[in-house]
file my_file_38.cif (mmCIF, C-alpha atoms)
data_work
#
loop_
_atom_site.label_atom_id
_atom_site.label_comp_id
_atom_site.auth_asym_id
_atom_site.auth_seq_id
_atom_site.Cartn_x
_atom_site.Cartn_y
_atom_site.Cartn_z
CA MET H 1 0.00 0.00 0.00
CA VAL H 2 1.30 3.44 -0.91
CA ALA H 3 1.26 5.22 2.45
CA HIS H 4 -0.55 8.49 3.15
CA PRO H 5 -0.82 10.14 -0.23
CA PRO H 6 -1.47 13.86 0.00
CA ARG H 7 -5.12 14.65 -0.70
CA ARG H 8 -4.29 17.21 -3.37
CA MET H 9 -2.07 16.26 -6.26
CA SER H 10 -1.47 17.70 -9.70
CA PRO H 11 -3.16 15.63 -12.43
CA GLN H 12 0.21 14.33 -13.61
CA ARG H 13 1.27 13.38 -10.07
CA ARG H 14 -2.10 11.71 -9.44
CA ARG H 15 -1.69 9.66 -12.57
CA GLU H 16 1.81 8.61 -11.54
CA HIS H 17 0.53 7.76 -8.08
CA LEU H 18 -2.12 5.45 -9.53
CA ILE H 19 0.51 3.78 -11.71
CA GLU H 20 2.84 3.32 -8.73
CA ALA H 21 0.08 1.76 -6.64
CA THR H 22 -0.71 -0.57 -9.54
CA LEU H 23 2.93 -1.63 -9.95
CA GLU H 24 3.15 -2.39 -6.24
CA LEU H 25 0.07 -4.59 -6.45
CA PHE H 26 1.32 -6.23 -9.66
CA ALA H 27 4.64 -7.09 -8.03
CA THR H 28 3.09 -8.59 -4.92
CA VAL H 29 -0.19 -10.28 -5.84
CA GLY H 30 0.33 -10.54 -9.62
CA PRO H 31 -1.45 -8.58 -12.37
CA GLU H 32 -4.19 -11.19 -12.85
CA GLN H 33 -5.54 -10.44 -9.38
CA VAL H 34 -5.65 -6.68 -9.76
CA GLY H 35 -8.83 -4.85 -10.71
CA VAL H 36 -10.12 -1.29 -10.34
CA ARG H 37 -11.33 -2.05 -6.80
CA GLU H 38 -7.90 -3.21 -5.59
CA ILE H 39 -6.24 -0.15 -7.11
CA THR H 40 -8.66 2.44 -5.72
CA ARG H 41 -8.30 0.82 -2.30
CA ALA H 42 -4.48 0.73 -2.41
CA ALA H 43 -4.24 4.29 -3.74
CA ASP H 44 -7.02 5.50 -1.40
CA VAL H 45 -9.05 7.21 -4.11
CA SER H 46 -12.67 6.96 -5.25
CA ARG H 47 -13.82 5.03 -8.32
CA ALA H 48 -14.97 8.33 -9.82
CA LEU H 49 -11.47 9.76 -9.50
CA PHE H 50 -9.98 6.62 -11.01
CA TYR H 51 -12.17 6.93 -14.09
CA ARG H 52 -11.13 10.55 -14.54
CA TYR H 53 -7.63 9.26 -15.28
CA PHE H 54 -8.13 5.91 -16.97
CA SER H 55 -10.89 4.50 -19.14
CA GLY H 56 -10.56 1.20 -17.28
CA ILE H 57 -8.26 -1.50 -16.01
CA GLU H 58 -6.93 -2.27 -19.50
CA GLU H 59 -5.62 1.25 -20.04
CA LEU H 60 -4.00 1.38 -16.61
CA ARG H 61 -2.42 -2.03 -17.19
CA VAL H 62 -0.77 -0.82 -20.39
CA ALA H 63 0.37 2.39 -18.66
CA ALA H 64 1.83 0.41 -15.74
CA LEU H 65 3.59 -2.09 -17.99
CA SER H 66 4.93 0.78 -20.13
CA ALA H 67 6.45 2.20 -16.96
CA ILE H 68 8.28 -1.10 -16.34
CA VAL H 69 9.48 -1.21 -19.92
CA ARG H 70 10.76 2.39 -19.71
CA GLU H 71 12.55 1.58 -16.47
CA LEU H 72 14.11 -1.49 -18.06
CA GLY H 73 15.17 0.49 -21.12
CA ALA H 74 16.77 3.22 -19.01
CA SER H 75 18.53 0.82 -16.65
CA ILE H 76 20.28 -1.18 -19.37
CA ALA H 77 21.09 1.80 -21.58
CA ASP H 78 24.10 3.01 -19.60
CA PRO H 79 25.88 0.04 -18.17
CA VAL H 80 29.01 1.01 -16.28
CA GLY H 81 32.29 -0.78 -16.82
CA ALA H 82 35.68 -0.31 -18.36
CA THR H 83 35.60 -3.09 -20.96
CA PRO H 84 32.77 -4.32 -23.19
CA LEU H 85 32.68 -7.45 -21.01
CA ASP H 86 32.25 -5.37 -17.83
CA GLN H 87 29.54 -3.34 -19.55
CA LEU H 88 27.72 -6.50 -20.54
CA ARG H 89 27.91 -7.83 -16.99
CA SER H 90 26.55 -4.57 -15.60
CA ALA H 91 23.70 -4.48 -18.14
CA VAL H 92 22.73 -8.05 -17.19
CA ASN H 93 22.71 -6.99 -13.53
CA ALA H 94 20.54 -3.96 -14.32
CA PHE H 95 18.13 -6.19 -16.24
CA LEU H 96 17.86 -8.61 -13.30
CA ASP H 97 17.28 -5.71 -10.89
CA VAL H 98 14.22 -4.59 -12.83
CA ALA H 99 12.98 -8.14 -13.35
CA GLU H 100 13.25 -8.80 -9.61
CA LYS H 101 11.62 -5.56 -8.56
CA HIS H 102 8.60 -6.26 -10.76
CA ALA H 103 8.76 -10.04 -10.43
CA LYS H 104 5.16 -11.11 -11.03
CA ALA H 105 4.42 -8.38 -13.55
CA TYR H 106 7.58 -9.29 -15.46
CA VAL H 107 6.56 -12.94 -15.75
CA ALA H 108 3.00 -12.03 -16.77
CA LEU H 109 4.26 -9.56 -19.36
CA LEU H 110 6.28 -12.27 -21.07
CA ARG H 111 3.83 -15.13 -20.83
CA SER H 112 1.92 -15.60 -24.05
CA GLY H 113 -1.79 -15.89 -23.36
CA SER H 114 -1.63 -14.23 -19.95
CA VAL H 115 -4.51 -11.90 -19.19
CA VAL H 116 -2.02 -9.07 -19.10
CA ALA H 117 -0.49 -9.64 -22.52
CA SER H 118 -2.12 -7.76 -25.39
CA GLY H 119 -1.11 -6.38 -28.75
CA ASP H 120 0.00 -3.20 -26.96
CA THR H 121 2.14 -4.92 -24.34
CA ALA H 122 3.61 -7.31 -26.93
CA ALA H 123 4.79 -4.27 -28.92
CA LEU H 124 6.38 -2.83 -25.76
CA VAL H 125 8.18 -6.11 -25.03
CA ASP H 126 9.41 -6.35 -28.63
CA GLY H 127 10.72 -2.79 -28.29
CA VAL H 128 12.84 -3.71 -25.27
CA ARG H 129 14.13 -6.84 -26.99
CA GLU H 130 15.25 -4.84 -30.00
CA GLN H 131 16.86 -2.26 -27.71
CA ILE H 132 18.89 -4.99 -25.98
CA VAL H 133 19.90 -6.44 -29.36
CA ARG H 134 21.06 -3.00 -30.55
CA LEU H 135 23.06 -2.46 -27.35
CA VAL H 136 24.81 -5.82 -27.60
CA VAL H 137 25.58 -5.29 -31.27
CA GLU H 138 26.97 -1.79 -30.57
CA ARG H 139 29.15 -2.98 -27.69
CA SER H 140 30.35 -5.98 -29.67
CA GLY H 141 31.92 -3.52 -32.13
CA VAL H 142 30.69 -5.48 -35.16
CA PRO H 143 30.11 -2.84 -37.85
CA ALA H 144 27.70 -4.73 -40.11
CA PRO H 145 26.04 -7.60 -38.22
CA SER H 146 25.06 -10.54 -40.43
CA PRO H 147 21.59 -12.12 -40.19
CA LEU H 148 23.06 -15.09 -38.26
CA PHE H 149 24.84 -12.72 -35.88
CA LEU H 150 21.54 -10.92 -35.18
CA MET H 151 19.80 -14.27 -34.78
CA THR H 152 22.41 -15.22 -32.19
CA VAL H 153 21.92 -12.05 -30.15
CA ARG H 154 18.11 -12.29 -30.40
CA GLY H 155 18.33 -15.93 -29.34
CA TRP H 156 20.44 -14.95 -26.35
CA VAL H 157 17.79 -12.40 -25.33
CA ALA H 158 15.22 -15.22 -25.51
CA LEU H 159 17.57 -17.38 -23.38
CA ALA H 160 17.99 -14.55 -20.85
CA GLU H 161 14.21 -14.12 -20.55
CA SER H 162 13.58 -17.83 -20.19
CA ALA H 163 16.41 -18.23 -17.65
CA THR H 164 15.24 -15.21 -15.63
CA VAL H 165 11.70 -16.55 -15.39
CA SER H 166 12.93 -20.03 -14.29
CA TRP H 167 15.38 -18.54 -11.85
CA GLN H 168 12.74 -16.30 -10.26
CA GLN H 169 10.70 -19.42 -9.64
CA ASP H 170 13.35 -21.75 -8.22
CA ARG H 171 16.35 -19.56 -7.21
CA SER H 172 18.41 -22.62 -8.00
CA VAL H 173 21.73 -20.78 -8.20
CA PRO H 174 23.10 -17.63 -6.53
CA ARG H 175 22.41 -14.49 -8.53
CA ASP H 176 26.11 -13.83 -9.26
CA GLN H 177 26.39 -17.27 -10.80
CA LEU H 178 23.35 -16.59 -12.99
CA VAL H 179 24.96 -13.37 -14.23
CA GLU H 180 28.25 -15.12 -15.08
CA TRP H 181 26.34 -17.96 -16.72
CA LEU H 182 24.33 -15.55 -18.91
CA VAL H 183 27.46 -13.62 -19.89
CA GLY H 184 29.28 -16.90 -20.59
CA GLN H 185 26.41 -18.19 -22.73
CA LEU H 186 26.45 -15.06 -24.90
CA ARG H 187 30.19 -15.42 -25.45
CA ALA H 188 29.83 -19.12 -26.26
CA MET H 189 26.95 -18.49 -28.66
CA LEU H 190 28.81 -15.69 -30.45
CA ALA H 191 31.94 -17.86 -30.70
CA GLU H 192 29.88 -20.72 -32.12
CA ASN H 193 28.27 -18.33 -34.58
CA ALA H 194 31.68 -16.99 -35.67
CA ARG H 195 32.75 -20.59 -36.33
CA HIS H 196 29.67 -21.11 -38.56
CA GLU H 197 30.20 -17.87 -40.41
CA GLN H 198 33.96 -18.41 -40.60
CA VAL H 199 34.71 -14.97 -39.22
CA PRO H 200 36.80 -13.97 -36.18
CA ALA H 201 34.93 -14.05 -32.85
CA VAL H 202 33.92 -10.72 -31.27
CA SER H 203 35.66 -9.18 -28.32
CA PHE H 204 33.38 -9.70 -25.31
CA MET F 26 -9.69 -24.48 -50.11
CA VAL F 27 -10.28 -28.12 -49.25
CA ALA F 28 -11.54 -29.51 -52.55
CA HIS F 29 -14.87 -31.34 -52.95
CA PRO F 30 -15.66 -32.69 -49.52
CA PRO F 31 -18.19 -35.50 -49.59
CA ARG F 32 -21.63 -34.28 -48.53
CA ARG F 33 -22.03 -36.95 -45.87
CA MET F 34 -19.38 -37.41 -43.23
CA SER F 35 -19.28 -39.02 -39.83
CA PRO F 36 -19.36 -36.45 -37.01
CA GLN F 37 -15.72 -37.15 -36.20
CA ARG F 38 -14.66 -36.82 -39.84
CA ARG F 39 -16.69 -33.61 -40.19
CA ARG F 40 -14.95 -32.15 -37.18
CA GLU F 41 -11.55 -33.08 -38.58
CA HIS F 42 -12.52 -31.61 -41.92
CA LEU F 43 -13.40 -28.28 -40.30
CA ILE F 44 -10.09 -28.31 -38.44
CA GLU F 45 -8.17 -29.09 -41.64
CA ALA F 46 -9.88 -26.24 -43.49
CA THR F 47 -9.02 -23.92 -40.60
CA LEU F 48 -5.36 -24.96 -40.59
CA GLU F 49 -5.13 -24.34 -44.32
CA LEU F 50 -6.56 -20.84 -43.88
CA PHE F 51 -4.32 -20.21 -40.86
CA ALA F 52 -1.21 -21.19 -42.83
CA THR F 53 -2.04 -19.01 -45.81
CA VAL F 54 -3.82 -15.87 -44.63
CA GLY F 55 -2.88 -16.03 -40.93
CA PRO F 56 -5.13 -16.81 -37.96
CA GLU F 57 -6.02 -13.17 -37.29
CA GLN F 58 -7.90 -12.98 -40.60
CA VAL F 59 -9.94 -16.13 -40.10
CA GLY F 60 -13.50 -16.03 -38.77
CA VAL F 61 -16.49 -18.36 -38.93
CA ARG F 62 -17.47 -16.97 -42.34
CA GLU F 63 -14.08 -17.79 -43.92
CA ILE F 64 -14.15 -21.29 -42.48
CA THR F 65 -17.69 -22.17 -43.55
CA ARG F 66 -16.86 -20.90 -47.03
CA ALA F 67 -13.59 -22.85 -47.30
CA ALA F 68 -15.15 -26.03 -45.88
CA ASP F 69 -18.34 -25.55 -47.89
CA VAL F 70 -20.71 -25.95 -44.96
CA SER F 71 -23.52 -23.86 -43.50
CA ARG F 72 -23.18 -21.71 -40.40
CA ALA F 73 -25.74 -23.93 -38.68
CA LEU F 74 -23.59 -26.99 -39.31
CA PHE F 75 -20.50 -25.17 -38.04
CA TYR F 76 -22.23 -24.35 -34.75
CA ARG F 77 -23.23 -27.97 -34.31
CA TYR F 78 -19.51 -28.76 -33.94
CA PHE F 79 -17.99 -25.70 -32.31
CA SER F 80 -19.36 -23.08 -29.93
CA GLY F 81 -17.52 -20.42 -31.91
CA ILE F 82 -14.27 -19.32 -33.48
CA GLU F 83 -12.41 -19.47 -30.14
CA GLU F 84 -13.10 -23.14 -29.63
CA LEU F 85 -12.15 -24.02 -33.22
CA ARG F 86 -8.96 -21.99 -32.88
CA VAL F 87 -7.87 -23.95 -29.81
CA ALA F 88 -8.79 -27.24 -31.57
CA ALA F 89 -6.80 -26.25 -34.67
CA LEU F 90 -3.77 -25.13 -32.67
CA SER F 91 -3.96 -28.33 -30.59
CA ALA F 92 -3.73 -30.25 -33.86
CA ILE F 93 -0.51 -28.40 -34.75
CA VAL F 94 0.90 -29.04 -31.30
CA ARG F 95 0.07 -32.77 -31.54
CA GLU F 96 1.68 -32.92 -34.97
CA LEU F 97 4.79 -31.19 -33.62
CA GLY F 98 4.92 -33.52 -30.63
CA ALA F 99 4.64 -36.62 -32.81
CA SER F 100 7.15 -35.45 -35.40
CA ILE F 101 9.94 -34.76 -32.92
CA ALA F 102 9.27 -37.79 -30.72
CA ASP F 103 10.97 -40.36 -32.94
CA PRO F 104 13.93 -38.73 -34.61
CA VAL F 105 15.84 -41.16 -36.77
CA GLY F 106 19.61 -41.37 -36.59
CA ALA F 107 22.37 -43.62 -35.37
CA THR F 108 24.01 -41.29 -32.87
CA PRO F 109 22.49 -38.80 -30.40
CA LEU F 110 23.87 -36.03 -32.67
CA ASP F 111 22.09 -37.51 -35.73
CA GLN F 112 18.90 -37.82 -33.70
CA LEU F 113 19.13 -34.22 -32.62
CA ARG F 114 19.64 -33.09 -36.22
CA SER F 115 16.65 -35.11 -37.37
CA ALA F 116 14.45 -33.73 -34.55
CA VAL F 117 15.42 -30.17 -35.52
CA ASN F 118 14.50 -30.96 -39.13
CA ALA F 119 11.14 -32.39 -38.04
CA PHE F 120 10.48 -29.28 -35.96
CA LEU F 121 11.24 -27.01 -38.93
CA ASP F 122 8.97 -29.11 -41.19
CA VAL F 123 5.98 -28.48 -38.93
CA ALA F 124 6.88 -24.82 -38.39
CA GLU F 125 7.10 -24.32 -42.17
CA LYS F 126 3.89 -26.17 -42.97
CA HIS F 127 1.92 -24.04 -40.50
CA ALA F 128 4.03 -20.92 -40.94
CA LYS F 129 1.63 -18.12 -40.02
CA ALA F 130 -0.19 -20.12 -37.36
CA TYR F 131 3.14 -21.07 -35.80
CA VAL F 132 4.23 -17.45 -35.50
CA ALA F 133 0.84 -16.37 -34.12
CA LEU F 134 0.86 -19.20 -31.60
CA LEU F 135 4.15 -18.02 -30.17
CA ARG F 136 3.57 -14.30 -30.24
CA SER F 137 2.52 -12.95 -26.88
CA GLY F 138 -0.52 -10.73 -27.21
CA SER F 139 -1.58 -12.12 -30.58
CA VAL F 140 -5.33 -12.56 -31.00
CA VAL F 141 -4.72 -16.28 -31.24
CA ALA F 142 -2.79 -16.69 -28.00
CA SER F 143 -4.86 -17.51 -24.93
CA GLY F 144 -4.43 -19.32 -21.65
CA ASP F 145 -5.34 -22.55 -23.45
CA THR F 146 -2.89 -22.15 -26.32
CA ALA F 147 -0.14 -20.97 -23.95
CA ALA F 148 -0.55 -24.21 -21.98
CA LEU F 149 -0.28 -26.19 -25.24
CA VAL F 150 2.89 -24.35 -26.25
CA ASP F 151 4.41 -24.89 -22.80
CA GLY F 152 3.61 -28.59 -23.17
CA VAL F 153 5.59 -28.84 -26.41
CA ARG F 154 8.48 -26.91 -24.91
CA GLU F 155 8.66 -29.30 -21.96
CA GLN F 156 8.44 -32.26 -24.33
CA ILE F 157 11.44 -30.97 -26.32
CA VAL F 158 13.37 -30.37 -23.09
CA ARG F 159 12.65 -33.93 -21.92
CA LEU F 160 13.74 -35.36 -25.28
CA VAL F 161 17.02 -33.45 -25.31
CA VAL F 162 17.74 -34.40 -21.71
CA GLU F 163 16.99 -38.09 -22.46
CA ARG F 164 19.17 -38.16 -25.55
CA SER F 165 21.97 -36.32 -23.78
CA GLY F 166 22.24 -39.29 -21.42
CA VAL F 167 22.52 -37.05 -18.34
CA PRO F 168 20.87 -39.06 -15.53
CA ALA F 169 20.06 -36.22 -13.10
CA PRO F 170 20.01 -32.89 -14.91
CA SER F 171 20.95 -29.93 -12.72
CA PRO F 172 18.84 -26.75 -12.65
CA LEU F 173 21.45 -24.95 -14.80
CA PHE F 174 21.48 -27.84 -17.28
CA LEU F 175 17.68 -27.59 -17.59
CA MET F 176 17.94 -23.82 -17.91
CA THR F 177 20.40 -24.32 -20.77
CA VAL F 178 18.11 -26.69 -22.65
CA ARG F 179 15.05 -24.48 -22.05
CA GLY F 180 17.05 -21.50 -23.23
CA TRP F 181 18.03 -23.36 -26.38
CA VAL F 182 14.34 -24.08 -27.06
CA ALA F 183 13.69 -20.33 -26.73
CA LEU F 184 16.60 -19.69 -29.12
CA ALA F 185 15.22 -22.26 -31.59
CA GLU F 186 11.77 -20.61 -31.54
CA SER F 187 13.17 -17.12 -31.94
CA ALA F 188 15.51 -18.20 -34.74
CA THR F 189 12.74 -20.10 -36.55
CA VAL F 190 10.44 -17.08 -36.48
CA SER F 191 13.21 -14.74 -37.79
CA TRP F 192 14.26 -17.23 -40.43
CA GLN F 193 10.70 -17.71 -41.68
CA GLN F 194 10.55 -13.96 -42.20
CA ASP F 195 13.88 -13.35 -43.93
CA ARG F 196 15.19 -16.76 -45.14
CA SER F 197 18.61 -15.26 -44.66
CA VAL F 198 20.45 -18.60 -44.74
CA PRO F 199 19.77 -21.94 -46.43
CA ARG F 200 17.72 -24.29 -44.29
CA ASP F 201 20.57 -26.83 -43.91
CA GLN F 202 22.77 -24.10 -42.50
CA LEU F 203 20.06 -23.13 -40.01
CA VAL F 204 19.83 -26.75 -38.83
CA GLU F 205 23.60 -27.03 -38.36
CA TRP F 206 23.65 -23.66 -36.61
CA LEU F 207 20.89 -24.70 -34.18
CA VAL F 208 22.62 -28.01 -33.45
CA GLY F 209 25.96 -26.22 -33.02
CA GLN F 210 24.42 -23.66 -30.66
CA LEU F 211 23.02 -26.39 -28.40
CA ARG F 212 26.40 -28.09 -28.26
CA ALA F 213 28.15 -24.79 -27.50
CA MET F 214 25.60 -23.86 -24.82
CA LEU F 215 25.87 -27.26 -23.13
CA ALA F 216 29.68 -27.09 -23.25
CA GLU F 217 29.60 -23.61 -21.71
CA ASN F 218 27.23 -24.86 -19.04
CA ALA F 219 29.49 -27.83 -18.25
CA ARG F 220 32.35 -25.36 -17.81
CA HIS F 221 30.26 -23.34 -15.31
CA GLU F 222 29.18 -26.41 -13.42
CA GLN F 223 32.65 -27.95 -13.61
CA VAL F 224 31.33 -31.23 -14.96
CA PRO F 225 32.26 -33.10 -18.16
CA ALA F 226 30.42 -31.95 -21.30
CA VAL F 227 27.65 -34.20 -22.68
CA SER F 228 28.02 -36.34 -25.74
CA PHE F 229 26.09 -34.62 -28.54
#
call {"tool": "encode", "arguments": {"input": "my_file_38.cif", "output": "structure tokens"}}
result
Amino acid sequence: MVAHPPRRMSPQRRREHLIEATLELFATVGPEQVGVREITRAADVSRALFYRYFSGIEELRVAALSAIVRELGASIADPVGATPLDQLRSAVNAFLDVAEKHAKAYVALLRSGSVVASGDTAALVDGVREQIVRLVVERSGVPAPSPLFLMTVRGWVALAESATVSWQQDRSVPRDQLVEWLVGQLRAMLAENARHEQVPAVSF
Amino acid sequence: MVAHPPRRMSPQRRREHLIEATLELFATVGPEQVGVREITRAADVSRALFYRYFSGIEELRVAALSAIVRELGASIADPVGATPLDQLRSAVNAFLDVAEKHAKAYVALLRSGSVVASGDTAALVDGVREQIVRLVVERSGVPAPSPLFLMTVRGWVALAESATVSWQQDRSVPRDQLVEWLVGQLRAMLAENARHEQVPAVSF
């Protein structure tokens, strides 16, 4: 529950406040369980006020998931680190931070057929995937990535999503080990791809 | 269009016929464009007859996608080949055969947020994924797969799906090369995983 909101807020702040309350509920009870009633209760506002800001639960859902996607985009955009390998490691850490913070919403966002997934959210998710692919390609220093190279990086993003979802469920390895494993898998996949394309491997 | 169906069919055959007509439409124009009207026209039946077999387009969609999933399951279950590596190659080929035959339906089935994806179809897709994971684990000869080993195989399935969807769109490499690349990626990912777990690599 978002504690003691001030009674008077600017429209923009009120909107943000509703989105924050929604994200908190999404992360804890899961998006499937969250309706207008749960949100108005958590944000301590009336239904009438809610409907001044959103046409319904669908619109708020997309707004809340967009906020996660923006956060994810921003957090991986500027990975710190001296070498491309350090940068990759820090971007993977940033990705896991966001996935953990929004655990249940993250899983629902990715699961095909979930009540939360829609054409709008699928487009958002595809946007983040392409952003990650662009980042990896940039940092890899490959000037003109081949179709197989792009397929490798896209496949690694799919691996990272699948591994993150499994790991959030079973916590089978320490987080640091997961990060090293993900970084190692990208390097192995790029090396394997270089072998297939008969080009030198990239420098991660 | 399914040519000249006999006027009289057993109920089971009629049902199959409607599903076949649907799959043909799905593969050519894509599931999003297919409604009851398109199906009754292609199968040359009345609306009344259609509704004797299915409550609506949703139910037929799930039935049609279940048929693809069953076909996929059967085609990868018995890969031919003398060695585990040959068997893997033949299973990848069988997988691509089904993905190609049902091209547009396959993509729609996997895409989160597509009109075709639902809780029911997501469960079907998860079933196939788990079946592929079990097959790879069996063939790898690893008696007690670790969580990271399973994560590697699941991640490879995600890579295979992502690569198949990209490849169906751009046909950037010959199919044989795609098969060798997918097989090579699994071997590289398993070898990388063995390195992380400090165990011997498996025998593919």
call {"tool": "closest_residue", "arguments": {"input": "my_file_38.cif", "among": "H:Leu88, H:Met151, H:Ala144, H:Val183", "to": "chain F", "atoms": "only C-alpha atoms"}}
result
H:Met151
call {"tool": "interface_residues", "arguments": {"input": "my_file_38.cif", "of": "chain H", "to": "chain F", "cutoff": "8 Å", "atoms": "all atoms listed in the file", "output": "PDB file with C-alpha atoms, in the coordinates of the input"}}
result
ATOM      1  CA  LEU H 110       6.280 -12.270 -21.070  1.00  0.00           C
ATOM      2  CA  ARG H 111       3.830 -15.130 -20.830  1.00  0.00           C
ATOM      3  CA  SER H 112       1.920 -15.600 -24.050  1.00  0.00           C
ATOM      4  CA  GLY H 113      -1.790 -15.890 -23.360  1.00  0.00           C
ATOM      5  CA  SER H 114      -1.630 -14.230 -19.950  1.00  0.00           C
ATOM      6  CA  VAL H 115      -4.510 -11.900 -19.190  1.00  0.00           C
ATOM      7  CA  ALA H 117      -0.490  -9.640 -22.520  1.00  0.00           C
ATOM      8  CA  SER H 118      -2.120  -7.760 -25.390  1.00  0.00           C
ATOM      9  CA  GLY H 119      -1.110  -6.380 -28.750  1.00  0.00           C
ATOM     10  CA  ASP H 120       0.000  -3.200 -26.960  1.00  0.00           C
ATOM     11  CA  THR H 121       2.140  -4.920 -24.340  1.00  0.00           C
ATOM     12  CA  ALA H 122       3.610  -7.310 -26.930  1.00  0.00           C
ATOM     13  CA  PRO H 147      21.590 -12.120 -40.190  1.00  0.00           C
ATOM     14  CA  LEU H 148      23.060 -15.090 -38.260  1.00  0.00           C
ATOM     15  CA  MET H 151      19.800 -14.270 -34.780  1.00  0.00           C
ATOM     16  CA  THR H 152      22.410 -15.220 -32.190  1.00  0.00           C
ATOM     17  CA  ARG H 154      18.110 -12.290 -30.400  1.00  0.00           C
ATOM     18  CA  GLY H 155      18.330 -15.930 -29.340  1.00  0.00           C
ATOM     19  CA  TRP H 156      20.440 -14.950 -26.350  1.00  0.00           C
ATOM     20  CA  ALA H 158      15.220 -15.220 -25.510  1.00  0.00           C
ATOM     21  CA  LEU H 159      17.570 -17.380 -23.380  1.00  0.00           C
ATOM     22  CA  ALA H 160      17.990 -14.550 -20.850  1.00  0.00           C
ATOM     23  CA  SER H 162      13.580 -17.830 -20.190  1.00  0.00           C
ATOM     24  CA  ALA H 163      16.410 -18.230 -17.650  1.00  0.00           C
ATOM     25  CA  SER H 166      12.930 -20.030 -14.290  1.00  0.00           C
ATOM     26  CA  SER H 172      18.410 -22.620  -8.000  1.00  0.00           C
ATOM     27  CA  VAL H 173      21.730 -20.780  -8.200  1.00  0.00           C
ATOM     28  CA  TRP H 181      26.340 -17.960 -16.720  1.00  0.00           C
ATOM     29  CA  GLY H 184      29.280 -16.900 -20.590  1.00  0.00           C
ATOM     30  CA  GLN H 185      26.410 -18.190 -22.730  1.00  0.00           C
ATOM     31  CA  ALA H 188      29.830 -19.120 -26.260  1.00  0.00           C
ATOM     32  CA  MET H 189      26.950 -18.490 -28.660  1.00  0.00           C
ATOM     33  CA  GLU H 192      29.880 -20.720 -32.120  1.00  0.00           C
ATOM     34  CA  ASN H 193      28.270 -18.330 -34.580  1.00  0.00           C
ATOM     35  CA  HIS H 196      29.670 -21.110 -38.560  1.00  0.00           C
TER      36      HIS H 196
END
call {"tool": "atom_distance", "arguments": {"input": "my_file_38.cif", "atom1": "atom CA of Leu110 of chain F", "atom2": "atom CA of Phe229 of chain F"}}
result
4.9 Å
call {"tool": "closest_residue", "arguments": {"input": "my_file_38.cif", "among": "F:Phe120, F:Arg40, F:Ala133, F:Glu57", "to": "Arg154 of chain F", "atoms": "all atoms listed in the file"}}
result
F:Phe120
call {"tool": "closest_residue", "arguments": {"input": "my_file_38.cif", "among": "F:Leu43, F:Ala52, F:Val87, F:Ile157", "to": "Thr65 of chain F", "atoms": "all atoms listed in the file"}}
result
F:Leu43
call {"tool": "residues_around", "arguments": {"input": "my_file_38.cif", "residues": "segment 43-54 of chain H", "least_positions_apart": "2", "cutoff": "8 Å", "atoms": "only C-alpha atoms", "output": "ChimeraX atom specification"}}
result
/H:1-2,5,15,17-18,21,36-37,39-41,56-57,59-60
call {"tool": "write_last_selection", "arguments": {"input": "my_file_38.cif", "atoms": "C-alpha atoms", "output": "mmCIF file, in the frame of the given file"}}
result
data_model
loop_
_atom_site.group_PDB
_atom_site.id
_atom_site.type_symbol
_atom_site.label_atom_id
_atom_site.label_comp_id
_atom_site.auth_asym_id
_atom_site.auth_seq_id
_atom_site.Cartn_x
_atom_site.Cartn_y
_atom_site.Cartn_z
ATOM 1 C CA MET H 1 0.000 0.000 0.000
ATOM 2 C CA VAL H 2 1.300 3.440 -0.910
ATOM 3 C CA PRO H 5 -0.820 10.140 -0.230
ATOM 4 C CA ARG H 15 -1.690 9.660 -12.570
ATOM 5 C CA HIS H 17 0.530 7.760 -8.080
ATOM 6 C CA LEU H 18 -2.120 5.450 -9.530
ATOM 7 C CA ALA H 21 0.080 1.760 -6.640
ATOM 8 C CA VAL H 36 -10.120 -1.290 -10.340
ATOM 9 C CA ARG H 37 -11.330 -2.050 -6.800
ATOM 10 C CA ILE H 39 -6.240 -0.150 -7.110
ATOM 11 C CA THR H 40 -8.660 2.440 -5.720
ATOM 12 C CA ARG H 41 -8.300 0.820 -2.300
ATOM 13 C CA GLY H 56 -10.560 1.200 -17.280
ATOM 14 C CA ILE H 57 -8.260 -1.500 -16.010
ATOM 15 C CA GLU H 59 -5.620 1.250 -20.040
ATOM 16 C CA LEU H 60 -4.000 1.380 -16.610
#
call {"tool": "atom_distance", "arguments": {"input": "my_file_38.cif", "atom1": "atom CA of Glu63 of chain F", "atom2": "atom CA of Ser35 of chain F"}}
result
22.2 Å
call {"tool": "closest_residue", "arguments": {"input": "my_file_38.cif", "among": "H:Leu124, H:Ser203, H:Val92, H:Val179", "to": "Val142 of chain H", "atoms": "only C-alpha atoms"}}
result
H:Ser203
call {"tool": "atom_distance", "arguments": {"input": "my_file_38.cif", "atom1": "atom CA of Gly127 of chain H", "atom2": "atom CA of Phe149 of chain H"}}
result
18.9 Å
call {"tool": "closest_residue", "arguments": {"input": "my_file_38.cif", "among": "F:Glu49, F:Ala67, F:Gln37, F:Val227", "to": "Val162 of chain F", "atoms": "all atoms listed in the file"}}
result
F:Val227
call {"tool": "axis_aligned_box", "arguments": {"input": "my_file_38.cif", "around": "segment 113-123 of chain F", "padding_each_side": "3 Å", "output": "AutoDock Vina command-line options"}}
result
--center_x 12.8 --center_y -31.1 --center_z -36.9 --size_x 19.7 --size_y 14.1 --size_z 14.6
